[in-house]
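Enquirer: My file is coords_19.tsv. It has TSV, N, CA and C atoms:
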```tsv
chain	number	residue	atom	x	y	z
I	1	MET	N	140.04	181.81	105.33
I	1	MET	CA	139.39	182.53	106.42
I	1	MET	C	139.24	181.58	107.61
I	2	PRO	N	139.52	182.04	108.83
I	2	PRO	CA	139.44	181.14	109.98
I	2	PRO	C	137.99	180.78	110.32
I	3	ARG	N	137.86	179.62	110.93
I	3	ARG	CA	136.53	179.12	111.32
I	3	ARG	C	136.08	179.84	112.60
I	4	VAL	N	134.85	180.32	112.59
I	4	VAL	CA	134.32	181.05	113.74
I	4	VAL	C	133.30	180.16	114.44
I	5	THR	N	133.43	180.00	115.77
I	5	THR	CA	132.54	179.08	116.50
I	5	THR	C	131.65	179.78	117.53
I	6	ASN	N	131.93	181.01	117.83
I	6	ASN	CA	131.18	181.72	118.88
I	6	ASN	C	131.30	181.02	120.23
I	7	ALA	N	132.43	180.36	120.44
I	7	ALA	CA	132.62	179.54	121.63
I	7	ALA	C	132.51	180.32	122.94
I	8	PRO	N	133.10	181.49	123.08
I	8	PRO	CA	132.99	182.17	124.38
I	8	PRO	C	131.55	182.48	124.76
I	9	ALA	N	130.75	182.92	123.80
I	9	ALA	CA	129.36	183.28	124.12
I	9	ALA	C	128.54	182.05	124.46
I	10	SER	N	128.70	180.96	123.68
I	10	SER	CA	127.90	179.77	123.96
I	10	SER	C	128.34	179.11	125.26
I	11	ARG	N	129.64	179.14	125.56
I	11	ARG	CA	130.13	178.59	126.83
I	11	ARG	C	129.56	179.40	128.00
I	12	GLU	N	129.53	180.70	127.85
I	12	GLU	CA	128.96	181.56	128.91
I	12	GLU	C	127.47	181.29	129.10
I	13	ARG	N	126.77	181.10	127.98
I	13	ARG	CA	125.34	180.79	128.04
I	13	ARG	C	125.11	179.48	128.80
I	14	ARG	N	125.91	178.47	128.49
I	14	ARG	CA	125.77	177.18	129.17
I	14	ARG	C	126.14	177.28	130.65
I	15	ARG	N	127.21	178.05	130.93
I	15	ARG	CA	127.63	178.21	132.33
I	15	ARG	C	126.53	178.87	133.16
I	16	ARG	N	125.89	179.90	132.57
I	16	ARG	CA	124.80	180.59	133.29
I	16	ARG	C	123.66	179.61	133.59
I	17	ARG	N	123.32	178.78	132.62
I	17	ARG	CA	122.23	177.82	132.81
I	17	ARG	C	122.60	176.79	133.87
I	18	LEU	N	123.84	176.32	133.86
I	18	LEU	CA	124.28	175.34	134.85
I	18	LEU	C	124.37	175.98	136.25
I	19	ASP	N	124.69	177.27	136.30
I	19	ASP	CA	124.68	177.96	137.60
I	19	ASP	C	123.27	178.01	138.19
I	20	LEU	N	122.28	178.20	137.32
I	20	LEU	CA	120.89	178.21	137.81
I	20	LEU	C	120.47	176.84	138.32
I	21	ALA	N	121.13	175.78	137.82
I	21	ALA	CA	120.78	174.41	138.21
I	21	ALA	C	121.57	173.92	139.42
I	22	LYS	N	122.38	174.78	140.03
I	22	LYS	CA	123.15	174.36	141.20
I	22	LYS	C	122.20	173.90	142.30
I	23	GLY	N	122.56	172.81	142.95
I	23	GLY	CA	121.74	172.29	144.02
I	23	GLY	C	120.74	171.25	143.56
I	24	PHE	N	120.54	171.10	142.26
I	24	PHE	CA	119.66	170.05	141.75
I	24	PHE	C	120.39	168.72	141.88
I	25	ARG	N	119.65	167.63	141.92
I	25	ARG	CA	120.25	166.30	142.12
I	25	ARG	C	120.78	165.72	140.83
I	26	GLY	N	121.93	165.06	140.95
I	26	GLY	CA	122.46	164.25	139.86
I	26	GLY	C	122.74	165.02	138.58
I	27	SER	N	122.32	164.41	137.46
I	27	SER	CA	122.63	164.98	136.16
I	27	SER	C	121.87	166.27	135.91
I	28	ARG	N	120.84	166.55	136.70
I	28	ARG	CA	120.08	167.78	136.51
I	28	ARG	C	120.93	169.01	136.82
I	29	SER	N	122.03	168.83	137.53
I	29	SER	CA	122.92	169.96	137.79
I	29	SER	C	124.24	169.85	137.02
I	30	LYS	N	124.44	168.72	136.30
I	30	LYS	CA	125.72	168.51	135.63
I	30	LYS	C	125.62	168.59	134.10
I	31	LEU	N	124.58	168.00	133.54
I	31	LEU	CA	124.46	167.92	132.09
I	31	LEU	C	123.57	169.04	131.59
I	32	PHE	N	124.00	169.64	130.48
I	32	PHE	CA	123.34	170.87	130.03
I	32	PHE	C	121.87	170.66	129.69
I	33	ARG	N	121.55	169.60	128.96
I	33	ARG	CA	120.17	169.43	128.53
I	33	ARG	C	119.24	169.17	129.72
I	34	GLN	N	119.63	168.26	130.61
I	34	GLN	CA	118.82	167.99	131.80
I	34	GLN	C	118.72	169.24	132.67
I	35	ALA	N	119.81	169.98	132.77
I	35	ALA	CA	119.80	171.20	133.58
I	35	ALA	C	118.85	172.22	132.97
I	36	THR	N	118.86	172.35	131.65
I	36	THR	CA	117.97	173.30	130.98
I	36	THR	C	116.51	172.95	131.25
I	37	GLU	N	116.18	171.66	131.11
I	37	GLU	CA	114.79	171.23	131.34
I	37	GLU	C	114.38	171.46	132.79
I	38	ALA	N	115.29	171.14	133.72
I	38	ALA	CA	114.98	171.30	135.14
I	38	ALA	C	114.82	172.77	135.51
I	39	VAL	N	115.68	173.63	134.95
I	39	VAL	CA	115.61	175.06	135.26
I	39	VAL	C	114.34	175.66	134.66
I	40	ASP	N	114.01	175.28	133.42
I	40	ASP	CA	112.78	175.78	132.80
I	40	ASP	C	111.57	175.42	133.65
I	41	ARG	N	111.53	174.17	134.09
I	41	ARG	CA	110.40	173.70	134.89
I	41	ARG	C	110.36	174.44	136.24
I	42	SER	N	111.52	174.60	136.86
I	42	SER	CA	111.54	175.24	138.18
I	42	SER	C	111.13	176.71	138.08
I	43	GLN	N	111.53	177.38	137.01
I	43	GLN	CA	111.12	178.78	136.86
I	43	GLN	C	109.63	178.89	136.57
I	44	ARG	N	109.11	177.96	135.77
I	44	ARG	CA	107.67	177.97	135.48
I	44	ARG	C	106.86	177.73	136.77
I	45	LEU	N	107.30	176.75	137.56
I	45	LEU	CA	106.58	176.45	138.79
I	45	LEU	C	106.75	177.55	139.83
I	46	ALA	N	107.89	178.23	139.82
I	46	ALA	CA	108.07	179.33	140.76
I	46	ALA	C	107.05	180.42	140.50
I	47	THR	N	106.77	180.68	139.22
I	47	THR	CA	105.76	181.68	138.87
I	47	THR	C	104.39	181.24	139.35
I	48	VAL	N	104.05	179.97	139.10
I	48	VAL	CA	102.74	179.45	139.50
I	48	VAL	C	102.61	179.48	141.03
I	49	HIS	N	103.66	179.07	141.71
I	49	HIS	CA	103.58	178.94	143.17
I	49	HIS	C	103.57	180.29	143.88
I	50	ARG	N	104.09	181.33	143.25
I	50	ARG	CA	103.96	182.66	143.86
I	50	ARG	C	102.49	183.03	143.97
I	51	LYS	N	101.71	182.71	142.94
I	51	LYS	CA	100.27	182.98	143.00
I	51	LYS	C	99.59	182.04	143.99
I	52	GLN	N	100.02	180.78	144.00
I	52	GLN	CA	99.39	179.79	144.86
I	52	GLN	C	99.64	180.08	146.34
I	53	ARG	N	100.81	180.66	146.65
I	53	ARG	CA	101.12	180.97	148.04
I	53	ARG	C	100.09	181.93	148.63
I	54	LYS	N	99.62	182.89	147.81
I	54	LYS	CA	98.63	183.85	148.27
I	54	LYS	C	97.33	183.13	148.62
I	55	ARG	N	96.93	182.16	147.78
I	55	ARG	CA	95.72	181.37	148.05
I	55	ARG	C	95.89	180.55	149.31
I	56	ASP	N	97.08	179.92	149.46
I	56	ASP	CA	97.32	179.05	150.61
I	56	ASP	C	97.22	179.83	151.92
I	57	PHE	N	97.81	181.03	151.94
I	57	PHE	CA	97.76	181.82	153.16
I	57	PHE	C	96.33	182.26	153.47
I	58	ARG	N	95.56	182.63	152.44
I	58	ARG	CA	94.18	183.02	152.68
I	58	ARG	C	93.39	181.85	153.27
I	59	HIS	N	93.61	180.63	152.75
I	59	HIS	CA	92.96	179.44	153.32
I	59	HIS	C	93.33	179.27	154.79
I	60	LEU	N	94.61	179.47	155.10
I	60	LEU	CA	95.07	179.32	156.47
I	60	LEU	C	94.41	180.33	157.39
I	61	TRP	N	94.36	181.61	156.95
I	61	TRP	CA	93.75	182.65	157.79
I	61	TRP	C	92.27	182.36	158.01
I	62	ILE	N	91.57	181.93	156.97
I	62	ILE	CA	90.15	181.64	157.10
I	62	ILE	C	89.94	180.49	158.07
I	63	ALA	N	90.78	179.46	157.98
I	63	ALA	CA	90.65	178.32	158.90
I	63	ALA	C	90.87	178.76	160.35
I	64	ARG	N	91.85	179.63	160.57
I	64	ARG	CA	92.12	180.10	161.94
I	64	ARG	C	90.97	180.95	162.48
I	65	VAL	N	90.47	181.85	161.64
I	65	VAL	CA	89.36	182.71	162.07
I	65	VAL	C	88.12	181.86	162.34
I	66	ASN	N	87.86	180.88	161.49
I	66	ASN	CA	86.71	180.01	161.66
I	66	ASN	C	86.81	179.24	162.97
I	67	ALA	N	88.00	178.70	163.28
I	67	ALA	CA	88.17	177.95	164.53
I	67	ALA	C	87.94	178.85	165.74
I	68	ALA	N	88.50	180.05	165.69
I	68	ALA	CA	88.33	180.97	166.82
I	68	ALA	C	86.88	181.44	166.93
I	69	ALA	N	86.23	181.66	165.80
I	69	ALA	CA	84.84	182.10	165.81
I	69	ALA	C	83.94	181.01	166.38
I	70	ARG	N	84.15	179.77	165.95
I	70	ARG	CA	83.33	178.66	166.45
I	70	ARG	C	83.55	178.44	167.95
I	71	ALA	N	84.74	178.71	168.43
I	71	ALA	CA	85.00	178.60	169.86
I	71	ALA	C	84.20	179.64	170.63
I	72	ASN	N	83.80	180.72	169.93
I	72	ASN	CA	82.99	181.77	170.56
I	72	ASN	C	81.53	181.70	170.12
I	73	GLY	N	81.12	180.61	169.52
I	73	GLY	CA	79.71	180.37	169.24
I	73	GLY	C	79.15	181.04	167.99
I	74	ILE	N	79.97	181.27	166.98
I	74	ILE	CA	79.48	181.85	165.73
I	74	ILE	C	80.30	181.23	164.59
I	75	THR	N	79.68	181.07	163.43
I	75	THR	CA	80.42	180.50	162.30
I	75	THR	C	81.18	181.61	161.57
I	76	TYR	N	82.11	181.18	160.75
I	76	TYR	CA	82.93	182.13	159.99
I	76	TYR	C	82.06	182.99	159.08
I	77	SER	N	81.15	182.35	158.35
I	77	SER	CA	80.36	183.10	157.38
I	77	SER	C	79.45	184.12	158.07
I	78	ARG	N	78.88	183.74	159.20
I	78	ARG	CA	78.05	184.70	159.96
I	78	ARG	C	78.90	185.84	160.53
I	79	LEU	N	80.11	185.52	160.94
I	79	LEU	CA	81.02	186.55	161.45
I	79	LEU	C	81.34	187.57	160.36
I	80	ILE	N	81.69	187.08	159.17
I	80	ILE	CA	82.02	187.98	158.06
I	80	ILE	C	80.79	188.79	157.66
I	81	GLU	N	79.62	188.16	157.66
I	81	GLU	CA	78.39	188.88	157.34
I	81	GLU	C	78.14	189.99	158.36
I	82	GLY	N	78.34	189.67	159.64
I	82	GLY	CA	78.16	190.67	160.69
I	82	GLY	C	79.16	191.81	160.59
I	83	LEU	N	80.40	191.49	160.27
I	83	LEU	CA	81.42	192.53	160.12
I	83	LEU	C	81.09	193.44	158.94
I	84	THR	N	80.57	192.86	157.87
I	84	THR	CA	80.19	193.67	156.71
I	84	THR	C	79.05	194.61	157.06
I	85	LYS	N	78.04	194.08	157.77
I	85	LYS	CA	76.90	194.91	158.16
I	85	LYS	C	77.30	195.98	159.17
I	86	ALA	N	78.27	195.66	160.04
I	86	ALA	CA	78.73	196.63	161.03
I	86	ALA	C	79.72	197.62	160.43
I	87	ASN	N	80.03	197.44	159.15
I	87	ASN	CA	80.95	198.31	158.43
I	87	ASN	C	82.36	198.29	159.06
I	88	ILE	N	82.76	197.10	159.51
I	88	ILE	CA	84.10	196.91	160.07
I	88	ILE	C	84.95	196.30	158.96
I	89	THR	N	85.95	197.03	158.51
I	89	THR	CA	86.81	196.54	157.43
I	89	THR	C	88.15	196.11	158.01
I	90	VAL	N	88.27	194.82	158.26
I	90	VAL	CA	89.54	194.26	158.70
I	90	VAL	C	89.76	193.00	157.86
I	91	ASN	N	90.97	192.85	157.31
I	91	ASN	CA	91.21	191.72	156.41
I	91	ASN	C	91.41	190.42	157.18
I	92	ARG	N	91.39	189.32	156.46
I	92	ARG	CA	91.45	188.00	157.09
I	92	ARG	C	92.77	187.78	157.81
I	93	LYS	N	93.84	188.33	157.27
I	93	LYS	CA	95.15	188.16	157.92
I	93	LYS	C	95.13	188.79	159.31
I	94	MET	N	94.61	190.01	159.39
I	94	MET	CA	94.58	190.69	160.68
I	94	MET	C	93.59	190.03	161.63
I	95	LEU	N	92.46	189.56	161.08
I	95	LEU	CA	91.51	188.83	161.93
I	95	LEU	C	92.16	187.60	162.54
I	96	ALA	N	92.93	186.86	161.72
I	96	ALA	CA	93.61	185.67	162.22
I	96	ALA	C	94.63	186.03	163.29
I	97	GLU	N	95.38	187.10	163.07
I	97	GLU	CA	96.37	187.54	164.07
I	97	GLU	C	95.68	187.94	165.38
I	98	ILE	N	94.58	188.67	165.26
I	98	ILE	CA	93.83	189.09	166.46
I	98	ILE	C	93.29	187.87	167.18
I	99	ALA	N	92.76	186.90	166.42
I	99	ALA	CA	92.19	185.69	167.01
I	99	ALA	C	93.23	184.90	167.79
I	100	ILE	N	94.48	184.92	167.32
I	100	ILE	CA	95.53	184.15	167.99
I	100	ILE	C	96.12	184.92	169.17
I	101	HIS	N	96.42	186.21	168.96
I	101	HIS	CA	97.21	186.94	169.95
I	101	HIS	C	96.40	187.83	170.89
I	102	ASP	N	95.19	188.18	170.52
I	102	ASP	CA	94.37	189.07	171.35
I	102	ASP	C	92.95	188.51	171.44
I	103	ILE	N	92.79	187.52	172.31
I	103	ILE	CA	91.52	186.80	172.39
I	103	ILE	C	90.38	187.72	172.83
I	104	GLU	N	90.65	188.60	173.77
I	104	GLU	CA	89.61	189.53	174.24
I	104	GLU	C	89.20	190.50	173.13
I	105	GLY	N	90.17	190.98	172.39
I	105	GLY	CA	89.86	191.86	171.27
I	105	GLY	C	89.03	191.15	170.22
I	106	PHE	N	89.32	189.87	169.97
I	106	PHE	CA	88.54	189.09	169.00
I	106	PHE	C	87.11	188.90	169.49
I	107	LYS	N	86.96	188.69	170.80
I	107	LYS	CA	85.61	188.56	171.36
I	107	LYS	C	84.83	189.85	171.19
I	108	ALA	N	85.51	190.99	171.34
I	108	ALA	CA	84.85	192.28	171.15
I	108	ALA	C	84.40	192.45	169.70
I	109	ILE	N	85.24	192.01	168.76
I	109	ILE	CA	84.86	192.08	167.34
I	109	ILE	C	83.65	191.20	167.08
I	110	ILE	N	83.64	190.02	167.68
I	110	ILE	CA	82.50	189.10	167.49
I	110	ILE	C	81.22	189.72	168.05
I	111	GLU	N	81.31	190.39	169.19
I	111	GLU	CA	80.12	191.02	169.77
I	111	GLU	C	79.58	192.12	168.87
I	112	LYS	N	80.47	192.89	168.25
I	112	LYS	CA	80.01	193.94	167.32
I	112	LYS	C	79.35	193.31	166.11
I	113	ALA	N	79.91	192.21	165.64
I	113	ALA	CA	79.31	191.51	164.48
I	113	ALA	C	77.95	190.95	164.85
I	114	ARG	N	77.82	190.39	166.05
I	114	ARG	CA	76.53	189.86	166.51
I	114	ARG	C	75.49	190.97	166.62
I	115	ALA	N	75.92	192.10	167.15
I	115	ALA	CA	74.99	193.22	167.30
I	115	ALA	C	74.50	193.70	165.93
I	116	ALA	N	75.37	193.69	164.94
I	116	ALA	CA	74.97	194.12	163.59
I	116	ALA	C	74.03	193.11	162.95
I	117	LEU	N	74.18	191.84	163.31
I	117	LEU	CA	73.30	190.80	162.75
I	117	LEU	C	71.90	190.84	163.35
I	118	ALA	N	71.82	191.28	164.61
I	118	ALA	CA	70.51	191.26	165.31
I	118	ALA	C	69.60	192.40	164.86
```
Here is a file; write its structure as structure tokens.
Expert:
Amino acid sequence: MPRVTNAPASRERRRRRLDLAKGFRGSRSKLFRQATEAVDRSQRLATVHRKQRKRDFRHLWIARVNAAARANGITYSRLIEGLTKANITVNRKMLAEIAIHDIEGFKAIIEKARAALA
């Protein structure tokens, strides 16, 4: 009986893994074992970093809103408290965009928040 090696399937499996490792430096893109370890790690970190990107952007928006709010004489936390009391529901991303691109509109939002706090 002839010897069976499953060579086409295993070669295809290795080729797919090495294709995923394209662009990695040195042996991480050439040798199967290093490529497998590098690809496993990169896929694991890609999953983690998708979640982390959401946190990073929220930090950025809060920093921008805080800077714009302080330039208008109110802190970020007091601004958010005022917006909550005034029943104004606008997310941090939009607040940051308004603070950057529509300064007068942001000042109007701050005045409504101040009025709700008083």
Enquirer: At what distance in Å, to one decimal, does atom N of Lys112 (chain I) lie from atom C of Thr75 (chain I)?
Expert: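 Atom C of Thr75 (chain I) sits 13.1 Å away from atom N of Lys112 (chain I).
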Enquirer: Report, in Å to a single decimal, how far apart atom N of Ala7 (chain I) and atom C of Gly23 (chain I) are.
Expert: 27.5 Å
Enquirer: Would you mind telling me which residue in I:Met1, I:Ile100, I:Ala46, I:Ala113 lies nearest to Leu79 (chain I) when using all atoms listed in the file?
Expert: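 Among the listed residues, I:Ala113 lies closest to Leu79 (chain I).
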Enquirer: Given the choices I:Arg11, I:Lys93, I:Thr84, I:Leu20, which gets closest to Leu60 (chain I) if the distance is worked out from all atoms listed in the file?
Expert: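 Using all atoms listed in the file, the shortest distance to Leu60 (chain I) belongs to I:Lys93.
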Enquirer: Write down as number ranges by chain the residues belonging to chain I that are assigned helix (DSSP H, G or I) by DSSP computed on the backbone.
Expert: I: 7-20, 26-28, 32-71, 76-85, 92-101, 103-117
Enquirer: I want to know what sits within 12 Å of region 27-29 of chain I, based on only C-alpha atoms, with residues of the same chain fewer than 4 positions away left out; could you give that as a list in words?
Expert: Arg14, Arg15, Arg16, Arg17, Leu18, Asp19, Leu20, Ala21, Lys22, Gly23, Arg33, Gln34, Ala35, Thr36, Glu37, Ala38, Val39, Asp40, Arg41 and Ser42 of chain I
Enquirer: Report as a ChimeraX atom specification all protein, DNA and RNA residues lying within 12 Å of Gly73 (chain I), evaluated on only C-alpha atoms, omitting residues in the same chain fewer than 5 positions from it.
Expert: /I:66-68,78-79,107,110-111,114
Enquirer: Suppose you want the space between atom N of Val48 (chain I) and CA of Asn91 (chain I); what is it in Å?
Expert: 24.5 Å
